[in-house]
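*Asks:* Take a look at protein_37.cif, mmCIF, C-alpha atoms:
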```cif
data_work
loop_
_atom_site.label_atom_id
_atom_site.label_comp_id
_atom_site.auth_asym_id
_atom_site.auth_seq_id
_atom_site.Cartn_x
_atom_site.Cartn_y
_atom_site.Cartn_z
CA MET A 1 178.01 111.52 137.48
CA GLN A 2 174.57 112.31 138.94
CA LEU A 3 171.45 111.19 137.10
CA ASN A 4 167.81 111.94 137.91
CA GLY A 5 164.44 111.17 136.28
CA TYR A 6 162.82 114.60 136.41
CA ALA A 7 163.21 115.31 132.72
CA ASP A 8 161.82 111.88 131.81
CA LEU A 9 158.87 112.27 134.19
CA LEU A 10 158.10 115.69 132.74
CA GLY A 11 158.23 114.29 129.21
CA ILE A 12 155.96 111.40 130.12
CA SER A 13 153.48 113.76 131.79
CA THR A 14 153.46 116.09 128.78
CA ARG A 15 153.06 113.20 126.40
CA SER A 16 150.19 111.82 128.51
CA ARG A 17 148.34 115.14 128.35
CA LEU A 18 148.86 115.25 124.58
CA THR A 19 147.51 111.72 124.27
CA SER A 20 144.41 112.61 126.28
CA ALA A 21 143.82 115.67 124.10
CA LEU A 22 144.16 113.57 120.96
CA LYS A 23 141.66 111.02 122.29
CA ALA A 24 139.16 113.75 123.20
CA ARG A 25 139.51 115.31 119.75
CA MET A 26 139.08 111.90 118.15
CA ASP A 27 135.81 111.37 120.03
CA VAL A 28 134.49 114.72 118.80
CA THR A 29 135.65 114.19 115.21
CA GLN A 30 134.24 110.67 115.13
CA LYS A 31 130.83 112.01 116.21
CA GLU A 32 131.00 114.79 113.59
CA ALA A 33 131.93 112.30 110.88
CA VAL A 34 128.81 110.26 111.69
CA THR A 35 126.30 113.09 112.24
CA GLY A 36 127.65 115.62 109.76
CA LEU A 37 127.18 118.33 112.43
CA ARG A 38 129.61 120.37 114.50
CA ASP A 39 129.83 119.12 118.07
CA ASP A 40 130.28 122.59 119.54
CA LEU A 41 127.18 124.50 118.42
CA THR A 42 128.26 127.71 120.14
CA MET A 43 131.55 127.84 118.26
CA ALA A 44 129.95 126.74 114.97
CA THR A 45 127.36 129.54 115.14
CA ASN A 46 129.66 132.19 116.59
CA GLY A 47 127.47 132.33 119.67
CA ARG A 48 124.15 132.60 117.78
CA THR A 49 122.70 129.52 119.47
CA GLY A 50 119.24 131.06 119.83
CA ALA A 51 118.81 131.37 116.07
CA ALA A 52 120.18 127.86 115.64
CA HIS A 53 117.68 126.35 118.08
CA THR A 54 114.83 128.28 116.43
CA LEU A 55 115.86 126.84 113.07
CA LEU A 56 116.09 123.34 114.50
CA LYS A 57 112.63 123.69 116.07
CA ALA A 58 111.20 124.70 112.68
CA ILE A 59 112.76 121.61 111.08
CA ASN A 60 111.30 119.32 113.75
CA SER A 61 107.89 120.93 113.37
CA ALA A 62 107.93 120.44 109.60
CA GLN A 63 109.00 116.81 110.03
CA ASP A 64 106.16 116.23 112.50
CA SER A 65 103.77 117.68 109.93
CA GLN A 66 105.20 115.36 107.30
CA GLN A 67 104.57 112.36 109.57
CA HIS A 68 101.01 113.54 110.21
CA HIS A 69 100.45 113.91 106.47
CA GLY A 70 101.52 110.29 106.02
CA LEU A 71 98.89 109.16 108.51
CA ALA A 72 96.31 111.43 106.87
CA LYS A 73 97.10 109.99 103.43
CA ASN A 74 96.68 106.46 104.74
CA ARG A 75 93.35 107.38 106.33
CA LEU A 76 92.19 109.04 103.13
CA GLN A 77 93.19 106.07 100.99
CA LEU A 78 91.36 103.65 103.29
CA THR A 79 88.25 105.84 103.19
CA GLN A 80 88.38 106.00 99.39
CA HIS A 81 88.78 102.22 99.29
CA SER A 82 85.76 101.79 101.57
CA LEU A 83 83.58 103.97 99.33
CA ARG A 84 84.83 102.33 96.13
CA SER A 85 84.33 98.83 97.53
CA SER A 86 80.79 99.70 98.60
CA ARG A 87 79.94 101.04 95.13
CA GLU A 88 81.56 98.14 93.30
CA ALA A 89 79.82 95.57 95.52
CA VAL A 90 76.45 96.73 94.17
CA ASN A 91 77.73 96.18 90.61
CA GLY A 92 74.59 97.29 88.73
CA LEU A 93 72.22 95.49 91.07
CA ASP A 94 69.66 98.32 90.75
CA THR A 95 69.52 97.89 86.96
CA ARG A 96 69.20 94.11 87.15
CA ALA A 97 66.49 94.42 89.80
CA LEU A 98 64.55 96.78 87.53
CA VAL A 99 64.77 94.30 84.66
CA ALA A 100 63.52 91.54 86.97
CA LEU A 101 60.64 93.73 88.14
CA GLU A 102 59.61 94.79 84.66
CA GLY A 103 59.59 91.43 82.94
CA LEU A 104 61.44 88.49 84.46
CA GLY A 105 58.90 87.63 87.13
CA ILE A 106 58.80 86.65 90.81
CA SER A 107 61.57 84.02 90.62
CA ALA A 108 64.07 86.53 89.25
CA GLN A 109 63.00 89.09 91.85
CA ARG A 110 63.58 86.58 94.64
CA THR A 111 67.04 85.83 93.25
CA LEU A 112 67.87 89.53 93.22
CA SER A 113 66.53 89.88 96.79
CA SER A 114 68.88 87.14 97.98
CA GLU A 115 71.76 88.81 96.18
CA ALA A 116 70.86 92.15 97.74
CA GLU A 117 71.07 90.62 101.22
CA GLY A 118 74.54 89.26 100.49
CA VAL A 119 75.69 92.57 99.01
CA LEU A 120 74.34 94.39 102.08
CA GLY A 121 76.72 92.36 104.27
CA SER A 122 79.67 93.19 102.00
CA VAL A 123 78.85 96.90 101.96
CA ILE A 124 78.51 97.05 105.75
CA SER A 125 81.86 95.29 106.09
CA SER A 126 83.46 97.94 103.85
CA LEU A 127 81.81 100.77 105.80
CA ASN A 128 83.19 99.39 109.06
CA ALA A 129 86.77 99.79 107.83
CA ARG A 130 89.44 100.75 110.37
CA GLN A 131 92.81 102.42 110.52
CA GLY A 132 94.37 100.52 113.40
CA PRO A 133 91.85 100.77 116.25
CA ARG A 134 90.11 103.77 114.64
CA TYR A 135 86.86 103.22 112.71
CA LEU A 136 87.00 105.60 109.76
CA LEU A 137 83.33 106.38 109.11
CA SER A 138 82.17 106.84 112.72
CA GLY A 139 82.81 110.57 113.05
CA THR A 140 84.13 111.25 116.54
CA ASN A 141 82.99 107.86 117.90
CA THR A 142 86.03 106.13 116.46
CA ASP A 143 86.09 103.25 118.95
CA SER A 144 83.00 101.44 117.62
CA PRO A 145 81.89 100.23 114.16
CA PRO A 146 79.51 102.72 112.56
CA VAL A 147 76.97 100.21 111.19
CA ALA A 148 75.39 97.18 112.86
CA SER A 149 75.58 93.77 111.19
CA ALA A 150 73.35 93.02 108.21
CA GLU A 151 71.42 90.45 110.23
CA THR A 152 70.71 92.91 113.05
CA PHE A 153 69.83 95.60 110.50
CA LEU A 154 67.29 93.49 108.59
CA ASP A 155 65.70 92.01 111.72
CA ASP A 156 65.23 95.48 113.17
CA LEU A 157 63.75 96.81 109.92
CA ARG A 158 61.30 93.89 109.65
CA ALA A 159 60.18 94.36 113.25
CA VAL A 160 59.67 98.12 112.90
CA ILE A 161 57.66 97.89 109.69
CA SER A 162 55.52 95.02 110.93
CA ALA A 163 54.73 97.05 114.06
CA SER A 164 53.80 100.18 112.11
CA PRO A 165 50.30 101.57 112.78
CA GLU A 166 47.60 100.03 110.61
CA GLY A 167 47.11 101.94 107.42
CA THR A 168 50.74 103.10 107.26
CA SER A 169 52.26 102.27 103.90
CA ALA A 170 55.55 100.40 103.73
CA LYS A 171 57.12 103.40 101.98
CA ALA A 172 56.05 105.74 104.79
CA ALA A 173 57.43 103.31 107.35
CA LEU A 174 60.73 103.11 105.42
CA ASP A 175 60.90 106.90 105.21
CA MET A 176 60.42 107.17 108.96
CA TYR A 177 62.99 104.46 109.67
CA PHE A 178 65.75 105.88 107.47
CA ASN A 179 65.14 109.63 107.29
CA ASP A 180 63.82 110.64 110.71
CA PRO A 181 66.57 111.56 113.22
CA ALA A 182 64.60 109.53 115.77
CA GLY A 183 64.13 106.63 113.35
CA GLY A 184 65.59 103.18 113.75
CA PHE A 185 68.57 103.70 111.45
CA GLU A 186 69.95 106.65 113.39
CA THR A 187 69.15 105.30 116.85
CA ARG A 188 69.91 101.58 116.56
CA ILE A 189 71.85 100.83 113.37
CA TYR A 190 74.24 103.76 112.97
CA SER A 191 76.40 104.08 116.08
CA GLY A 192 78.77 106.81 114.94
CA SER A 193 78.58 110.45 115.93
CA LYS A 194 76.33 113.06 114.36
CA THR A 195 79.31 115.38 113.83
CA SER A 196 82.52 115.12 111.85
CA GLY A 197 85.78 113.96 113.38
CA THR A 198 88.96 115.98 113.76
CA PRO A 199 90.34 117.73 110.64
CA LEU A 200 92.37 115.52 108.38
CA PHE A 201 95.08 118.17 107.93
CA HIS A 202 95.57 121.93 107.64
CA ASP A 203 95.99 123.70 104.32
CA GLY A 204 97.65 126.92 105.42
CA ASN A 205 95.59 128.06 108.39
CA ALA A 206 92.39 126.35 107.22
CA PRO A 207 91.50 122.92 108.65
CA VAL A 208 90.51 120.34 106.03
CA PRO A 209 87.96 117.86 107.35
CA LEU A 210 87.19 114.46 105.85
CA ASP A 211 83.44 114.67 106.37
CA VAL A 212 82.45 111.12 105.41
CA ARG A 213 80.32 109.22 107.91
CA ALA A 214 78.24 106.08 107.47
CA ASN A 215 75.03 108.08 107.95
CA ASP A 216 75.78 110.21 104.90
CA PRO A 217 72.67 110.43 102.66
CA ALA A 218 74.45 108.57 99.84
CA ILE A 219 75.43 105.71 102.13
CA ARG A 220 72.06 105.67 103.85
CA ASP A 221 70.25 105.49 100.49
CA THR A 222 72.50 102.64 99.39
CA LEU A 223 71.80 100.70 102.58
CA ARG A 224 68.09 101.47 102.33
CA GLY A 225 67.92 100.23 98.74
CA LEU A 226 69.73 96.97 99.54
CA ALA A 227 67.72 96.32 102.70
CA THR A 228 64.40 97.08 100.99
CA LEU A 229 65.14 94.72 98.12
CA ALA A 230 66.31 92.05 100.56
CA ILE A 231 63.07 92.00 102.60
CA ALA A 232 60.57 93.17 99.97
CA GLU A 233 58.69 89.87 100.08
CA ASP A 234 58.51 90.02 103.89
CA LEU A 235 56.70 93.37 103.61
CA ALA A 236 54.13 92.49 100.97
CA PRO A 237 53.04 89.35 99.09
CA ALA A 238 55.08 88.55 96.00
CA GLY A 239 53.31 89.56 92.81
CA SER A 240 51.12 92.14 94.51
CA GLU A 241 51.05 95.78 93.50
CA GLU A 242 52.31 96.75 96.95
CA HIS A 243 55.26 94.37 96.57
CA ALA A 244 56.10 95.94 93.21
CA ASP A 245 55.95 99.41 94.79
CA ILE A 246 58.28 98.34 97.61
CA TYR A 247 60.65 96.69 95.13
CA ARG A 248 60.66 99.82 92.97
CA ASN A 249 61.31 102.00 96.02
CA GLY A 250 64.34 99.86 96.81
CA ILE A 251 65.64 100.22 93.26
CA GLU A 252 65.22 104.01 93.34
CA SER A 253 66.99 104.31 96.70
CA LEU A 254 69.83 102.11 95.50
CA ALA A 255 70.28 104.10 92.30
CA SER A 256 70.27 107.37 94.26
CA GLY A 257 72.81 105.96 96.69
CA GLN A 258 75.16 104.86 93.92
CA GLY A 259 75.14 108.33 92.38
CA GLY A 260 75.86 109.80 95.80
CA LEU A 261 78.76 107.40 96.40
CA ILE A 262 80.34 108.51 93.12
CA THR A 263 80.11 112.11 94.32
CA LEU A 264 81.66 111.19 97.67
CA GLU A 265 84.54 109.47 95.90
CA ALA A 266 85.08 112.58 93.79
CA ASP A 267 85.04 114.77 96.90
CA THR A 268 87.66 112.62 98.62
CA GLY A 269 89.73 112.82 95.43
CA VAL A 270 89.71 116.62 95.71
CA VAL A 271 90.83 116.35 99.34
CA ALA A 272 93.62 113.97 98.25
CA GLN A 273 94.86 116.52 95.72
CA GLY A 274 94.91 119.18 98.44
CA LEU A 275 96.92 116.87 100.69
CA ASP A 276 99.42 116.27 97.87
CA ARG A 277 99.94 120.03 97.52
CA VAL A 278 100.46 120.46 101.26
CA GLU A 279 102.90 117.53 101.30
CA GLN A 280 104.94 119.09 98.50
CA ARG A 281 105.11 122.41 100.35
CA THR A 282 106.18 120.66 103.54
CA GLN A 283 108.89 118.68 101.73
CA PHE A 284 110.23 121.90 100.16
CA GLU A 285 110.17 123.57 103.58
CA ILE A 286 112.11 120.72 105.16
CA LEU A 287 114.67 120.82 102.33
CA SER A 288 115.16 124.58 102.63
CA LEU A 289 115.41 124.55 106.42
CA SER A 290 117.77 121.57 106.39
CA GLU A 291 120.10 123.32 103.95
CA ALA A 292 120.12 126.41 106.18
CA TRP A 293 120.85 124.26 109.24
CA GLN A 294 123.63 122.41 107.44
CA SER A 295 125.29 125.67 106.37
CA LEU A 296 125.07 126.92 109.95
CA ALA A 297 126.10 123.88 111.96
CA GLY A 298 127.16 121.30 109.40
CA ARG A 299 130.51 119.55 109.14
CA ASP A 300 131.79 118.02 105.94
CA GLN A 301 131.82 114.30 106.70
CA PHE A 302 134.68 113.53 104.28
CA GLU A 303 136.77 116.25 105.89
CA ALA A 304 135.91 114.88 109.34
CA ALA A 305 136.88 111.36 108.24
CA ALA A 306 140.22 112.61 106.90
CA GLU A 307 140.94 114.43 110.16
CA LEU A 308 139.99 111.32 112.10
CA LYS A 309 142.54 109.30 110.14
CA GLN A 310 145.25 111.87 110.91
CA LEU A 311 144.33 111.82 114.59
CA GLU A 312 144.56 108.03 114.65
CA VAL A 313 148.10 108.18 113.23
CA ALA A 314 149.08 110.92 115.72
CA LEU A 315 147.59 108.99 118.62
CA GLN A 316 149.43 105.81 117.62
CA SER A 317 152.71 107.77 117.44
CA SER A 318 151.99 109.29 120.84
CA TYR A 319 151.42 105.84 122.33
CA THR A 320 154.69 104.60 120.84
CA ILE A 321 156.76 107.53 122.16
CA THR A 322 155.15 107.31 125.60
CA ALA A 323 155.93 103.62 125.80
CA ARG A 324 159.56 104.27 124.91
CA LEU A 325 159.88 107.04 127.51
CA ALA A 326 158.36 104.79 130.15
CA GLY A 327 160.93 102.12 129.31
CA LEU A 328 163.98 104.37 130.05
CA SER A 329 166.10 103.34 133.12
CA LEU A 330 169.72 103.65 134.33
CA VAL A 331 170.42 100.13 133.13
CA ASN A 332 169.00 100.93 129.67
CA PHE A 333 171.02 104.18 129.65
CA ILE A 334 174.28 102.37 130.48
CA ARG A 335 173.51 99.84 127.74
#
```
Could I get this structure in the form of structure tokens?

*Replies:*
Amino acid sequence: MQLNGYADLLGISTRSRLTSALKARMDVTQKEAVTGLRDDLTMATNGRTGAAHTLLKAINSAQDSQQHHGLAKNRLQLTQHSLRSSREAVNGLDTRALVALEGLGISAQRTLSSEAEGVLGSVISSLNARQGPRYLLSGTNTDSPPVASAETFLDDLRAVISASPEGTSAKAALDMYFNDPAGGFETRIYSGSKTSGTPLFHDGNAPVPLDVRANDPAIRDTLRGLATLAIAEDLAPAGSEEHADIYRNGIESLASGQGGLITLEADTGVVAQGLDRVEQRTQFEILSLSEAWQSLAGRDQFEAAAELKQLEVALQSSYTITARLAGLSLVNFIR
């Protein structure tokens, strides 16, 4: 009797190829079970890969917009907090200063002046708020705080007014300092840009800026009122008519600034509502595009998991049969 191993070798070779195919299919199915997407995009789309990639690009673009909206919302919230903190720090100081001026006397006015100096520091700290390394109220000059320290501010204001030409009233000197583009506030205290920063987001095709800078008239009036009250006695003798005029000017500026800050807060609230609408549209767009992508290239993950289990059983059986074929020999045959 003549025996040879050709049939066994052929069986082992066939079984080996089947095992390799099962392993390759398992790798693909395992990936599809995790991602929920077909591994072969060309087959899944019947060759319409161009349309598939266009759809995927639209999804990525919408997701990028969603991420940008998150950053914009954070920036907007921080700006709103800065304005609200500045307004709340004043806490009716203009009204209390007026009461002190009208009837409580010099001692009460001095107390209010000291309070105004402390509040000025708090307001400046709020105005110099940042989002990471970006200063929010500096316009395009986002790498530096928009307002100098309270100490620098008051020292500069005292020096400028004391050096004013003889005969110049304190009010005229204050007007020049705060309102003139070449005045001390714009050239030495405010270090932000004179123009707005980049748009916060786009509503359709229209850019939506957040045009709040620390040289805004409302903020400037608030700072002017606090600074004027803080150094009123340095500008004119306490109890004098000129001192009362300076004190009153500070109260008026502070009251005007507070009204302006309320308007700025309302304006940022309108921008926030616009951002909410854009966010909702973007979320709906992502949902719609994702559903279209899933219907085009998606793979049911439960189905993929079930197939994977079947492939595991088939692969284990293939290993077992291959091992048995490899163990065949003449001695085993005779046994």

*Asks:* In Å, rounded to a single decimal, give me how far CA of Ala163 in chain A is from CA of Leu93 in chain A.

*Replies:* 28.9 Å

*Asks:* Neighbouring residues of range 219-235 of chain A were defined as those with any atom within 6 Å, considering all atoms listed in the file; residues of the same chain fewer than 2 positions away were excluded. Please report them as a list in words.

*Replies:*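 My reading of the contact set: Ser113, Ala116, Glu117, Leu120, Asn215, Asp216, Pro217, Pro237, Ala238, Tyr247, Gly250, Ile251, Ser253, Leu254 and Gly257 of chain A.
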
*Asks:* Which residues are close to Lys73 in chain A, i.e. within 10 Å by only C-alpha atoms, leaving aside same-chain residues fewer than 3 positions away? Reply as a ChimeraX atom specification.

*Replies:* /A:67-70,76-79,200-201,271-272,275-276,279

*Asks:* Any idea what the distance is between CA of Tyr177 in chain A and CA of Ser85 in chain A?

*Replies:*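 That distance, rounded to one decimal, is 25.2 Å.
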
*Asks:* For CA of Gly50 in chain A and CA of Gln280 in chain A, quote the distance in Å rounded to one decimal.

*Replies:*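 Between CA of Gly50 in chain A and CA of Gln280 in chain A the gap works out to 28.3 Å.
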
*Asks:* Excluding Pro133 in chain A and residues on its chain fewer than 5 positions from it, collect all residues at most 10 Å away from it, counting all atoms listed in the file, and give them as a list in words.

*Replies:*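 Residues meeting the cut-off are Thr142, Asp143 and Ser144 of chain A.
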